[in-house]
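Pasting upload-v8.txt here (compact mmCIF, C-alpha atoms):
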# COMPACT_ATOMS: atom_id res chain seq x y z
CA MET A 203 151.59 -174.24 84.16
CA GLN A 204 151.29 -175.74 87.60
CA ASN A 205 154.01 -178.06 88.86
CA LYS A 206 151.70 -181.06 88.97
CA ASP A 207 152.38 -183.77 86.41
CA PHE A 208 149.03 -184.87 84.94
CA VAL A 209 150.02 -188.51 84.34
CA GLU A 210 151.62 -188.90 87.77
CA GLU A 211 148.58 -187.29 89.41
CA LEU A 212 146.22 -189.72 87.67
CA GLU A 213 148.45 -192.73 88.29
CA TRP A 214 148.46 -192.47 92.10
CA ARG A 215 144.72 -191.92 91.98
CA GLY A 216 144.27 -195.18 90.03
CA MET A 217 142.80 -193.33 87.06
CA ILE A 218 145.02 -194.57 84.22
CA HIS A 219 144.33 -197.80 82.36
CA THR A 220 146.35 -197.42 79.15
CA ILE A 221 148.57 -194.63 77.90
CA MET A 222 149.99 -194.42 74.41
CA PRO A 223 153.81 -194.12 74.19
CA GLY A 224 154.88 -190.49 73.90
CA ALA A 225 151.77 -189.05 75.62
CA LYS A 226 153.54 -188.30 78.92
CA GLU A 227 156.44 -186.62 77.10
CA GLN A 228 154.00 -184.47 75.10
CA LEU A 229 152.27 -183.28 78.29
CA CYS A 230 155.60 -182.45 79.94
CA LYS A 231 156.75 -180.52 76.87
CA GLU A 232 154.00 -177.88 76.56
CA MET A 233 150.43 -176.87 77.32
CA THR A 234 148.46 -179.50 75.47
CA THR A 235 144.83 -179.69 74.36
CA ALA A 236 142.90 -182.90 75.01
CA TYR A 237 139.27 -183.84 74.56
CA LEU A 238 136.82 -186.25 76.11
CA GLY A 239 133.47 -187.22 74.57
CA ILE A 240 130.24 -187.05 76.55
CA ASP A 241 127.12 -188.83 75.43
CA PRO A 242 124.16 -186.38 75.38
CA THR A 243 121.35 -188.94 75.67
CA ALA A 244 119.88 -187.17 78.75
CA ASP A 245 119.70 -183.58 80.00
CA SER A 246 121.83 -184.45 83.01
CA LEU A 247 125.10 -186.23 83.59
CA HIS A 248 125.10 -189.12 86.06
CA ILE A 249 127.92 -190.27 88.31
CA GLY A 250 129.12 -192.69 85.62
CA HIS A 251 130.22 -189.57 83.68
CA LEU A 252 132.06 -188.14 86.67
CA VAL A 253 135.27 -190.11 86.14
CA GLY A 254 135.76 -188.49 82.73
CA VAL A 255 134.81 -185.06 84.03
CA MET A 256 137.27 -185.38 86.93
CA ILE A 257 140.00 -186.28 84.42
CA LEU A 258 139.22 -183.09 82.47
CA LYS A 259 139.31 -181.18 85.78
CA HIS A 260 142.76 -182.55 86.66
CA PHE A 261 143.91 -181.84 83.11
CA GLN A 262 142.95 -178.19 83.49
CA LEU A 263 144.42 -177.93 87.00
CA CYS A 264 147.73 -179.22 85.60
CA GLY A 265 147.79 -176.29 83.19
CA HIS A 266 146.44 -177.97 80.05
CA ARG A 267 143.39 -177.11 77.95
CA PRO A 268 140.40 -179.47 78.15
CA ILE A 269 137.71 -179.83 75.50
CA ALA A 270 134.40 -181.42 76.46
CA LEU A 271 132.87 -182.82 73.30
CA ILE A 272 129.12 -183.34 73.30
CA GLY A 273 128.47 -186.25 70.96
CA GLY A 274 125.49 -184.78 69.11
CA ALA A 275 126.28 -186.61 65.87
CA THR A 276 127.58 -189.80 67.45
CA GLY A 277 124.64 -189.65 69.90
CA MET A 278 122.37 -189.90 66.87
CA ILE A 279 124.05 -193.21 66.00
CA GLY A 280 124.98 -194.96 69.24
CA ASP A 281 128.36 -196.37 70.25
CA PRO A 282 128.57 -200.19 70.16
CA SER A 283 131.40 -200.28 72.74
CA GLY A 284 130.35 -202.25 75.79
CA LYS A 285 126.76 -202.57 74.60
CA SER A 286 124.95 -205.49 73.11
CA GLN A 287 121.93 -203.54 71.83
CA GLU A 288 121.47 -200.52 69.61
CA ARG A 289 120.13 -197.48 71.42
CA ASN A 290 117.45 -194.96 70.63
CA LEU A 291 118.50 -192.12 68.35
CA LEU A 292 117.78 -188.50 69.34
CA ASP A 293 116.44 -185.56 67.33
CA GLU A 294 118.32 -182.25 67.10
CA ALA A 295 116.05 -180.23 69.41
CA THR A 296 116.52 -182.79 72.20
CA LEU A 297 120.27 -182.86 71.64
CA ARG A 298 120.55 -179.05 71.87
CA HIS A 299 118.49 -178.99 75.07
CA ASN A 300 120.66 -181.75 76.58
CA GLN A 301 123.84 -179.94 75.54
CA GLU A 302 122.85 -176.73 77.36
CA ALA A 303 121.93 -178.64 80.52
CA ILE A 304 125.22 -180.58 80.46
CA LYS A 305 127.24 -177.39 79.97
CA ARG A 306 125.66 -175.89 83.09
CA GLN A 307 126.74 -178.93 85.09
CA LEU A 308 130.25 -178.96 83.62
CA SER A 309 130.66 -175.26 84.44
CA LYS A 310 130.65 -176.15 88.14
CA LEU A 311 133.83 -178.16 87.61
CA LEU A 312 135.60 -176.65 84.60
CA ASP A 313 136.58 -173.06 83.85
CA PHE A 314 134.95 -172.09 80.54
CA ASP A 315 134.71 -168.36 81.13
CA SER A 316 138.02 -166.90 82.28
CA ASP A 317 140.60 -165.40 79.95
CA ALA A 318 143.17 -168.10 80.83
CA ASP A 319 144.96 -169.75 77.92
CA ASN A 320 143.76 -173.13 79.12
CA ARG A 321 140.09 -172.26 79.61
CA ALA A 322 137.85 -175.18 78.72
CA LEU A 323 135.92 -175.45 75.47
CA LEU A 324 132.58 -177.12 74.85
CA VAL A 325 131.99 -178.37 71.32
CA ASN A 326 129.34 -180.51 69.64
CA ASN A 327 130.39 -182.86 66.85
CA TYR A 328 127.00 -182.39 65.20
CA ASP A 329 128.19 -178.92 64.17
CA TRP A 330 130.94 -180.21 61.88
CA THR A 331 129.33 -183.43 60.67
CA LYS A 332 125.79 -182.26 59.81
CA ASP A 333 126.79 -180.80 56.43
CA ILE A 334 129.09 -183.58 55.24
CA THR A 335 127.55 -185.67 52.48
CA PHE A 336 127.80 -189.43 52.60
CA LEU A 337 129.85 -189.41 49.38
CA ASP A 338 132.34 -186.90 50.79
CA PHE A 339 132.71 -188.88 53.99
CA ALA A 340 133.17 -192.18 52.12
CA ARG A 341 135.77 -190.63 49.81
CA GLU A 342 137.72 -188.45 52.27
CA ILE A 343 137.57 -190.57 55.43
CA GLY A 344 136.26 -194.05 54.60
CA LYS A 345 139.07 -194.82 52.17
CA LEU A 346 141.77 -194.19 54.82
CA ILE A 347 140.80 -196.98 57.22
CA THR A 348 140.39 -200.58 56.08
CA VAL A 349 137.49 -202.79 57.09
CA ASN A 350 140.08 -205.30 58.35
CA TYR A 351 141.40 -202.64 60.75
CA MET A 352 137.89 -201.82 61.98
CA MET A 353 136.92 -205.49 62.36
CA ALA A 354 139.93 -206.14 64.59
CA LYS A 355 138.54 -203.87 67.34
CA ASP A 356 137.20 -205.71 70.39
CA SER A 357 133.95 -203.73 70.49
CA VAL A 358 133.20 -204.82 66.92
CA LYS A 359 134.43 -208.39 67.33
CA LYS A 360 132.18 -209.03 70.33
CA ARG A 361 129.06 -207.96 68.48
CA PHE A 362 129.99 -210.01 65.42
CA ASN A 363 130.53 -213.06 67.60
CA GLY A 364 126.94 -213.24 68.73
CA GLU A 365 126.57 -210.69 71.55
CA GLY A 366 123.14 -209.09 71.19
CA ASP A 367 121.40 -208.81 67.80
CA GLY A 368 124.49 -208.26 65.67
CA MET A 369 125.57 -204.82 64.48
CA SER A 370 124.04 -202.42 62.01
CA PHE A 371 126.11 -200.56 59.42
CA THR A 372 125.22 -197.35 61.29
CA GLU A 373 126.94 -198.59 64.43
CA PHE A 374 129.85 -200.04 62.47
CA THR A 375 130.65 -196.54 61.19
CA TYR A 376 130.75 -195.17 64.76
CA GLN A 377 134.50 -195.57 65.19
CA LEU A 378 135.09 -193.74 61.90
CA LEU A 379 132.92 -190.84 63.06
CA GLN A 380 134.71 -190.70 66.41
CA GLY A 381 138.03 -190.84 64.56
CA TYR A 382 136.85 -187.97 62.40
CA ASP A 383 136.12 -185.92 65.55
CA PHE A 384 139.72 -186.35 66.66
CA LEU A 385 140.96 -185.34 63.19
CA HIS A 386 138.72 -182.24 63.19
CA LEU A 387 139.78 -181.14 66.69
CA TYR A 388 143.42 -181.82 65.82
CA GLN A 389 143.20 -179.52 62.80
CA GLU A 390 140.91 -176.90 64.36
CA TYR A 391 142.31 -176.61 67.91
CA GLY A 392 145.65 -178.45 67.82
CA CYS A 393 144.09 -181.15 70.05
CA LYS A 394 146.70 -183.90 70.43
CA VAL A 395 145.21 -186.17 73.07
CA GLN A 396 141.92 -188.01 73.42
CA LEU A 397 140.82 -189.13 76.87
CA GLY A 398 138.19 -191.76 77.59
CA GLY A 399 137.20 -194.96 79.35
CA ALA A 400 139.07 -198.21 78.76
CA ASP A 401 136.21 -199.41 76.53
CA GLN A 402 137.00 -196.50 74.16
CA TRP A 403 140.57 -197.55 73.37
CA GLY A 404 139.60 -199.03 69.99
CA ASN A 405 137.69 -195.91 68.91
CA ILE A 406 140.43 -193.56 70.14
CA THR A 407 143.25 -195.39 68.37
CA THR A 408 141.21 -195.30 65.15
CA GLY A 409 141.36 -191.50 65.55
CA THR A 410 145.14 -191.42 66.03
CA GLU A 411 145.52 -193.69 62.98
CA LEU A 412 143.22 -191.49 60.89
CA ILE A 413 145.23 -188.36 61.77
CA ARG A 414 148.45 -190.01 60.64
CA ARG A 415 146.99 -191.41 57.43
CA LYS A 416 145.27 -188.15 56.51
CA LEU A 417 147.93 -185.63 57.58
CA GLY A 418 151.17 -187.59 57.50
CA SER A 419 152.97 -190.19 59.63
CA ASP A 420 154.94 -187.49 61.45
CA GLN A 421 151.76 -186.07 63.08
CA GLU A 422 151.57 -186.77 66.82
CA ALA A 423 148.28 -187.75 68.40
CA PHE A 424 147.86 -189.74 71.61
CA ALA A 425 145.37 -191.75 73.66
CA ILE A 426 144.97 -192.01 77.44
CA THR A 427 142.22 -194.15 78.96
CA CYS A 428 141.01 -194.68 82.51
CA PRO A 429 139.76 -197.96 84.00
CA LEU A 430 136.04 -198.60 84.04
CA ILE A 431 134.89 -198.09 87.61
CA THR A 432 133.19 -201.02 89.30
CA LYS A 433 132.15 -201.74 92.85
CA ALA A 434 134.26 -204.05 95.05
CA ASP A 435 131.76 -206.87 94.40
CA GLY A 436 132.25 -206.49 90.65
CA THR A 437 128.83 -204.95 89.95
CA LYS A 438 128.36 -201.79 87.91
CA PHE A 439 129.26 -198.54 89.61
CA GLY A 440 126.67 -195.75 89.80
CA LYS A 441 123.51 -197.80 89.48
CA THR A 442 121.07 -198.21 92.34
CA GLU A 443 117.82 -200.14 92.51
CA SER A 444 116.02 -197.01 91.37
CA GLY A 445 118.43 -196.45 88.43
CA ASN A 446 121.19 -193.94 87.78
CA VAL A 447 122.48 -191.49 90.38
CA TRP A 448 122.10 -188.18 88.51
CA LEU A 449 123.88 -184.87 89.08
CA ASP A 450 120.67 -182.91 88.47
CA PRO A 451 118.70 -182.49 91.73
CA ARG A 452 115.44 -182.93 89.77
CA TYR A 453 116.33 -186.59 89.20
CA THR A 454 118.43 -187.40 92.29
CA SER A 455 117.97 -185.13 95.29
CA PRO A 456 121.10 -183.89 97.12
CA TYR A 457 120.00 -186.05 100.07
CA LYS A 458 119.88 -189.23 97.95
CA PHE A 459 123.12 -188.22 96.23
CA TYR A 460 124.81 -187.78 99.62
CA GLN A 461 123.40 -191.09 100.87
CA PHE A 462 124.79 -192.94 97.85
CA TRP A 463 128.37 -191.95 98.72
CA LEU A 464 127.82 -192.36 102.47
CA ASN A 465 126.77 -195.97 101.96
CA VAL A 466 129.64 -197.24 99.78
CA SER A 467 131.76 -200.07 101.20
CA ASP A 468 135.07 -199.40 102.95
CA GLU A 469 137.01 -200.87 100.03
CA ASP A 470 135.15 -198.73 97.50
CA ALA A 471 135.51 -195.58 99.63
CA LYS A 472 139.31 -195.99 99.55
CA ARG A 473 139.27 -195.98 95.74
CA TYR A 474 136.50 -193.45 95.21
CA ILE A 475 138.03 -190.76 97.44
CA LYS A 476 141.05 -190.70 95.10
CA ILE A 477 138.94 -190.63 91.95
CA PHE A 478 136.04 -188.35 92.83
CA THR A 479 137.65 -185.70 95.04
CA LEU A 480 140.49 -183.22 94.61
CA LEU A 481 141.97 -183.98 98.04
CA ASP A 482 145.75 -184.35 97.91
CA ARG A 483 147.64 -187.58 98.46
CA GLN A 484 148.75 -186.80 102.02
CA THR A 485 145.21 -185.90 103.14
CA ILE A 486 143.77 -189.05 101.57
CA GLU A 487 146.43 -191.33 103.11
CA GLN A 488 145.75 -189.72 106.49
CA LEU A 489 141.99 -190.26 106.11
CA ILE A 490 142.48 -193.91 105.12
CA ALA A 491 144.76 -194.51 108.14
CA GLU A 492 142.23 -192.80 110.43
CA HIS A 493 139.41 -194.85 108.93
CA ASP A 494 141.32 -198.13 109.40
CA THR A 495 141.74 -197.52 113.13
CA ALA A 496 137.96 -197.12 113.61
CA PRO A 497 136.04 -198.31 110.50
CA HIS A 498 132.70 -198.15 112.34
CA LEU A 499 132.93 -194.33 112.39
CA ARG A 500 132.88 -194.34 108.56
CA THR A 501 135.30 -191.38 108.45
CA LEU A 502 136.17 -192.05 104.83
CA GLN A 503 132.59 -192.31 103.61
CA LYS A 504 131.59 -189.14 105.45
CA ARG A 505 134.44 -187.12 103.95
CA LEU A 506 133.87 -188.59 100.46
CA ALA A 507 130.15 -187.74 100.66
CA GLU A 508 130.94 -184.22 101.91
CA GLU A 509 133.53 -183.41 99.24
CA ILE A 510 131.49 -184.67 96.32
CA THR A 511 128.11 -183.29 97.46
CA CYS A 512 129.66 -179.82 97.96
CA MET A 513 131.36 -180.02 94.57
CA ILE A 514 128.28 -181.10 92.59
CA HIS A 515 125.57 -179.33 94.61
CA SER A 516 126.63 -176.87 97.35
CA ARG A 517 127.82 -176.76 100.95
CA GLU A 518 124.27 -175.79 102.00
CA ASP A 519 122.88 -178.88 100.23
CA TRP A 520 125.47 -181.03 101.99
CA GLN A 521 124.56 -179.53 105.39
CA ARG A 522 120.87 -180.17 104.73
CA ALA A 523 121.63 -183.75 103.72
CA VAL A 524 123.66 -184.33 106.90
CA GLU A 525 120.84 -182.83 108.96
CA ALA A 526 118.25 -184.98 107.19
CA SER A 527 120.36 -188.11 107.81
CA SER A 528 120.67 -187.29 111.51
CA ILE A 529 116.87 -187.12 111.81
CA LEU A 530 116.69 -190.83 111.17
CA PHE A 531 119.95 -191.91 112.79
CA GLY A 532 120.76 -189.29 115.42
CA GLY A 533 119.29 -186.87 117.90
CA ALA A 534 118.06 -184.21 115.49
CA THR A 535 115.77 -181.44 116.68
CA SER A 536 112.18 -180.63 115.85
CA GLU A 537 113.40 -177.49 114.04
CA ALA A 538 115.60 -179.61 111.74
CA LEU A 539 112.62 -181.80 110.93
CA HIS A 540 110.43 -178.80 110.08
CA ARG A 541 113.14 -177.45 107.77
CA LEU A 542 112.92 -180.51 105.52
CA ASP A 543 111.22 -180.11 102.17
CA GLU A 544 108.57 -182.68 101.31
CA GLN A 545 110.71 -184.62 98.81
CA THR A 546 113.58 -185.08 101.28
CA LEU A 547 111.21 -185.94 104.12
CA LEU A 548 109.66 -188.74 102.05
CA GLN A 549 113.09 -189.99 101.02
CA VAL A 550 114.40 -190.00 104.60
CA PHE A 551 111.42 -192.03 105.75
CA GLU A 552 111.10 -194.22 102.69
CA GLY A 553 110.22 -197.71 103.86
CA VAL A 554 108.87 -196.80 107.33
CA PRO A 555 105.22 -197.76 108.04
CA GLN A 556 102.87 -195.07 106.75
CA PHE A 557 99.28 -194.18 107.56
CA ARG A 558 96.72 -191.78 106.09
CA ILE A 559 94.10 -189.93 108.10
CA SER A 560 91.84 -186.96 107.35
CA ALA A 561 92.32 -183.55 108.95
CA ALA A 562 89.00 -184.10 110.75
CA GLU A 563 90.58 -187.05 112.61
CA LEU A 564 93.21 -184.87 114.29
CA GLY A 565 92.77 -184.45 118.03
CA ALA A 566 94.16 -186.23 121.10
CA PHE A 567 97.52 -187.93 120.41
CA ILE A 568 96.37 -191.21 122.00
CA ASP A 569 93.37 -191.42 119.66
CA ILE A 570 95.55 -190.85 116.58
CA ALA A 571 98.22 -193.37 117.66
CA ALA A 572 95.97 -196.17 118.91
CA GLU A 573 92.65 -195.74 117.04
CA ARG A 574 93.08 -193.76 113.80
CA THR A 575 96.30 -195.70 113.09
CA SER A 576 97.77 -198.93 114.43
CA ILE A 577 101.02 -197.46 115.78
CA PHE A 578 99.98 -198.84 119.18
CA PRO A 579 97.76 -201.93 119.56
CA SER A 580 95.87 -200.33 122.45
CA LYS A 581 95.47 -197.07 124.34
CA GLY A 582 96.83 -198.77 127.46
CA GLU A 583 100.10 -199.64 125.75
CA CYS A 584 100.32 -196.12 124.35
CA ARG A 585 99.87 -194.57 127.84
CA LYS A 586 102.44 -196.92 129.34
CA MET A 587 105.10 -196.06 126.76
CA ILE A 588 104.42 -192.31 127.05
CA GLN A 589 104.89 -192.59 130.84
CA GLY A 590 108.22 -194.35 130.22
CA GLY A 591 109.34 -191.44 128.01
CA GLY A 592 109.55 -193.57 124.88
CA VAL A 593 107.23 -191.69 122.49
CA SER A 594 107.92 -188.61 120.34
CA LEU A 595 105.84 -186.58 117.93
CA ASN A 596 107.84 -184.63 115.35
CA LYS A 597 111.01 -185.22 117.41
CA GLU A 598 109.50 -183.82 120.63
CA LYS A 599 108.69 -186.04 123.61
CA VAL A 600 104.99 -186.72 124.20
CA THR A 601 104.30 -186.38 127.94
CA ASP A 602 100.50 -186.30 127.92
CA PRO A 603 98.47 -188.96 126.05
CA MET A 604 95.68 -186.39 125.61
CA GLN A 605 98.01 -183.83 123.98
CA GLN A 606 96.06 -182.13 121.18
CA VAL A 607 97.48 -182.46 117.68
CA GLY A 608 96.32 -179.90 115.12
CA THR A 609 97.18 -178.58 111.67
CA ASP A 610 99.89 -176.32 113.18
CA ASP A 611 101.87 -179.45 114.05
CA LEU A 612 102.05 -180.72 110.48
CA ILE A 613 105.44 -180.92 108.76
CA ALA A 614 105.40 -179.52 105.20
CA GLY A 615 101.70 -178.86 105.82
CA LYS A 616 100.65 -182.52 105.72
CA TYR A 617 102.82 -184.94 107.75
CA LEU A 618 103.21 -186.13 111.33
CA LEU A 619 106.20 -188.19 112.45
CA VAL A 620 105.70 -190.53 115.39
CA GLN A 621 108.66 -192.25 117.02
CA ARG A 622 108.11 -195.24 119.27
CA GLY A 623 111.22 -196.30 121.15
CA LYS A 624 114.62 -195.54 119.63
CA LYS A 625 114.25 -196.96 116.16
CA ASN A 626 110.59 -197.29 115.21
CA TYR A 627 109.27 -194.46 113.04
CA TYR A 628 105.79 -194.00 111.59
CA LEU A 629 104.78 -191.37 109.07
CA ILE A 630 101.18 -190.14 109.05
CA THR A 631 99.88 -188.24 106.01
CA VAL A 632 97.00 -185.91 106.89
CA GLU A 633 94.70 -185.31 103.94
Kindly return the structure encoded in the file as structure tokens.
Amino acid sequence: MQNKDFVEELEWRGMIHTIMPGAKEQLCKEMTTAYLGIDPTADSLHIGHLVGVMILKHFQLCGHRPIALIGGATGMIGDPSGKSQERNLLDEATLRHNQEAIKRQLSKLLDFDSDADNRALLVNNYDWTKDITFLDFAREIGKLITVNYMMAKDSVKKRFNGEGDGMSFTEFTYQLLQGYDFLHLYQEYGCKVQLGGADQWGNITTGTELIRRKLGSDQEAFAITCPLITKADGTKFGKTESGNVWLDPRYTSPYKFYQFWLNVSDEDAKRYIKIFTLLDRQTIEQLIAEHDTAPHLRTLQKRLAEEITCMIHSREDWQRAVEASSILFGGATSEALHRLDEQTLLQVFEGVPQFRISAAELGAFIDIAAERTSIFPSKGECRKMIQGGGVSLNKEKVTDPMQQVGTDDLIAGKYLLVQRGKKNYYLITVE
């Protein structure tokens, strides 16, 4: 085992909300197995899942064995915690597809494949619940936990007190199913700790209670939860106007992913760099001090965006994202612009004025900029600005208004980028 103490490591990072008495002692005593549940409702994790995944990562780095549990069975029901509506239920084929995709993403952060004693495990609770009959479950599990106990949980109370459309029996049984997972993993793998978000405390403690009632009061099982991450303004972390920030590049490109972290507030960056990177305490304190002396340089955001983009995507993706960002905000070269793929190009220049022309309309630059489009109100103004050195085409200065523009100049085979002055960009799509 490494010398790092898991609880201490999480505490200075601000990643512990509640810890059950005895949990810290258990982790100091021996290599311990813990699990964290992941909802498989999509075939990609999003950054809201990352807190839990980072906790599993730290757990493994501290010498313990992490289990990532894909909630195939519970995903078919829907957890009422923190939600006021029931959610759509998934079929088995979709769940299996999602599970494989999630495992690929987790493999970037957790060691599943080595021969180490604490290599990670991936399990799906559908595998041990699909064959249980309702009668068996009611008799073996249902009788151990009273309705009074279940009703006392905050997640249940809120729904009974008028949040949303009430609660179905299906959802009411969720905490029993999650408790049964803990019992199964306890018996099968000696799993003594369940990790989760603060909103899971009620479900997790149902599991610890179930273990004691089923196997004896001397059985030790523990709960550790992390705070729910919000933004400094109190709004939900991880959501943008266009929805979730996904880890899969098909849904959120590395450029957009990088931009999300680059644009967080100073206050958020100070918290997020502790939670979402593996940088040590000294390095982080140094970065924060450096950032505070010159906040306008956004040192913290840049390092946060670098660390997390390299970890989830790759160093090459991070370099491309930095290069793409500098096209809009710095003195990037024409070569850098031509290296952009179409998706990133459109994302970089999202929101700039756009024009469409046909390939037949290509020709003299002045005609394109002042007649085929309205980048300049007149040819005279276009000439004047070119003479003053204030016009660029694809990041190269235009020196001659009659410069011929042809299909060889197109970026990604169909775009022209005109820059007028320092900050005004125009994107022309050639069809």
From CA of Pro603 (chain A) to CA of Gly565 (chain A) the spacing works out at 10.8 Å
request  = Excluding Leu258 (chain A) and any residue of its chain fewer than 3 positions from it, enumerate the residues within 9 Å of it, using all atoms listed in the file, and give them as JSON, numbers by chain.
outcome  = {"A": [236, 237, 238, 253, 254, 255, 261, 262, 263, 267, 268, 269, 270, 311, 312, 322, 397]}
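Distance annotation: of A:Ile240, A:Glu373, A:His498, A:Thr535, the residue with the minimal separation from Val358 (chain A) is A:Glu373; atom set is only C-alpha atoms.
In this structure, CA of Leu297 (chain A) sits 14.0 Å away from CA of Leu324 (chain A).
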Distance table requested - region 327-408 of chain A against region 215-232 of chain A, cut-off 12 Å, only C-alpha atoms: one row per qualifying residue with the closest atom pair and its distance in Å to one decimal, ordered by chain and rising residue number, as CSV.
residue,atom,partner,partner_atom,distance
A:Cys393,CA,A:Gln228,CA,11.6
A:Lys394,CA,A:Gln228,CA,8.7
A:Val395,CA,A:Ala225,CA,7.6
A:Gln396,CA,A:Ala225,CA,10.1
A:Leu397,CA,A:Ile221,CA,9.6
A:Gly398,CA,A:His219,CA,9.8
A:Gly399,CA,A:His219,CA,8.2
A:Ala400,CA,A:His219,CA,6.4
A:Asp401,CA,A:His219,CA,10.1
A:Gln402,CA,A:Thr220,CA,10.6
A:Trp403,CA,A:Thr220,CA,8.2
A:Gly404,CA,A:Thr220,CA,11.5
A:Ile406,CA,A:Met222,CA,10.5
A:Thr407,CA,A:Met222,CA,9.1
Item checked: For Gln549 (chain A): contacts at 10 Å, only C-alpha atoms, fewer than 3 positions along chain excluded, given as a PyMOL selection string -> chain A and resi 455+457-458+526+544-546+552-553
Closest of A:Tyr351, A:Phe439, A:Phe459, A:Tyr328 to Ile514 (chain A), counting only C-alpha atoms, is A:Phe459
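Counting all atoms listed in the file, the residue from A:Ile529, A:Gly250, A:Cys428, A:Ser560 that sits nearest to Lys625 (chain A) is A:Ile529.
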Expressed in Å, the length from CA of Tyr453 (chain A) to CA of Lys433 (chain A) is 22.2 Å
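Taking all atoms listed in the file, the non-local environment of Gln589 (chain A) within 7 Å (same-chain residues fewer than 3 positions away omitted) comprises Arg585, Lys586 and Thr601 of chain A.
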Lys305 (chain A) proximity check over A:Ser536, A:Thr375, A:Ser576, A:Asn326, using all atoms listed in the file: winner is A:Asn326
Original post:
What residues have an atom no more than 10 Å from (106.0, -180.5, 113.5) in the file's own frame, counting all atoms listed in the file, and can you write them as a ChimeraX atom specification?
Top reply: /A:536-541,595-598,607-619
Which residues, written as a PDB file with C-alpha atoms, in the frame of the given file, have at least one atom at most 7 Å from region 466-483 of chain A, with all atoms listed in the file counted and residues fewer than 3 positions away on the same chain left out?
ATOM      1  CA  ARG A 215     144.720-191.920  91.980  1.00  0.00           C
ATOM      2  CA  MET A 217     142.800-193.330  87.060  1.00  0.00           C
ATOM      3  CA  VAL A 253     135.270-190.110  86.140  1.00  0.00           C
ATOM      4  CA  MET A 256     137.270-185.380  86.930  1.00  0.00           C
ATOM      5  CA  LYS A 433     132.150-201.740  92.850  1.00  0.00           C
ATOM      6  CA  ALA A 434     134.260-204.050  95.050  1.00  0.00           C
ATOM      7  CA  PHE A 462     124.790-192.940  97.850  1.00  0.00           C
ATOM      8  CA  TRP A 463     128.370-191.950  98.720  1.00  0.00           C
ATOM      9  CA  ILE A 486     143.770-189.050 101.570  1.00  0.00           C
ATOM     10  CA  GLU A 487     146.430-191.330 103.110  1.00  0.00           C
ATOM     11  CA  ILE A 490     142.480-193.910 105.120  1.00  0.00           C
ATOM     12  CA  LEU A 502     136.170-192.050 104.830  1.00  0.00           C
ATOM     13  CA  GLN A 503     132.590-192.310 103.610  1.00  0.00           C
ATOM     14  CA  LEU A 506     133.870-188.590 100.460  1.00  0.00           C
ATOM     15  CA  GLU A 509     133.530-183.410  99.240  1.00  0.00           C
ATOM     16  CA  ILE A 510     131.490-184.670  96.320  1.00  0.00           C
TER      17      ILE A 510
END
Using only C-alpha atoms, determine which residues lie at most 12 Å from Asp383 (chain A), disregarding the query and same-chain residues fewer than 5 positions distant; provide the list as a PyMOL selection string. chain A and resi 237-239+269-276+325-331+343+376-378+388-391+393-396+405-406+408-410+412-413
Please write the residues from the selection above to a file, keeping C-alpha atoms, as an mmCIF file, in the coordinates of the input.
data_model
loop_
_atom_site.group_PDB
_atom_site.id
_atom_site.type_symbol
_atom_site.label_atom_id
_atom_site.label_comp_id
_atom_site.auth_asym_id
_atom_site.auth_seq_id
_atom_site.Cartn_x
_atom_site.Cartn_y
_atom_site.Cartn_z
ATOM 1 C CA TYR A 237 139.270 -183.840 74.560
ATOM 2 C CA LEU A 238 136.820 -186.250 76.110
ATOM 3 C CA GLY A 239 133.470 -187.220 74.570
ATOM 4 C CA ILE A 269 137.710 -179.830 75.500
ATOM 5 C CA ALA A 270 134.400 -181.420 76.460
ATOM 6 C CA LEU A 271 132.870 -182.820 73.300
ATOM 7 C CA ILE A 272 129.120 -183.340 73.300
ATOM 8 C CA GLY A 273 128.470 -186.250 70.960
ATOM 9 C CA GLY A 274 125.490 -184.780 69.110
ATOM 10 C CA ALA A 275 126.280 -186.610 65.870
ATOM 11 C CA THR A 276 127.580 -189.800 67.450
ATOM 12 C CA VAL A 325 131.990 -178.370 71.320
ATOM 13 C CA ASN A 326 129.340 -180.510 69.640
ATOM 14 C CA ASN A 327 130.390 -182.860 66.850
ATOM 15 C CA TYR A 328 127.000 -182.390 65.200
ATOM 16 C CA ASP A 329 128.190 -178.920 64.170
ATOM 17 C CA TRP A 330 130.940 -180.210 61.880
ATOM 18 C CA THR A 331 129.330 -183.430 60.670
ATOM 19 C CA ILE A 343 137.570 -190.570 55.430
ATOM 20 C CA TYR A 376 130.750 -195.170 64.760
ATOM 21 C CA GLN A 377 134.500 -195.570 65.190
ATOM 22 C CA LEU A 378 135.090 -193.740 61.900
ATOM 23 C CA TYR A 388 143.420 -181.820 65.820
ATOM 24 C CA GLN A 389 143.200 -179.520 62.800
ATOM 25 C CA GLU A 390 140.910 -176.900 64.360
ATOM 26 C CA TYR A 391 142.310 -176.610 67.910
ATOM 27 C CA CYS A 393 144.090 -181.150 70.050
ATOM 28 C CA LYS A 394 146.700 -183.900 70.430
ATOM 29 C CA VAL A 395 145.210 -186.170 73.070
ATOM 30 C CA GLN A 396 141.920 -188.010 73.420
ATOM 31 C CA ASN A 405 137.690 -195.910 68.910
ATOM 32 C CA ILE A 406 140.430 -193.560 70.140
ATOM 33 C CA THR A 408 141.210 -195.300 65.150
ATOM 34 C CA GLY A 409 141.360 -191.500 65.550
ATOM 35 C CA THR A 410 145.140 -191.420 66.030
ATOM 36 C CA LEU A 412 143.220 -191.490 60.890
ATOM 37 C CA ILE A 413 145.230 -188.360 61.770
#
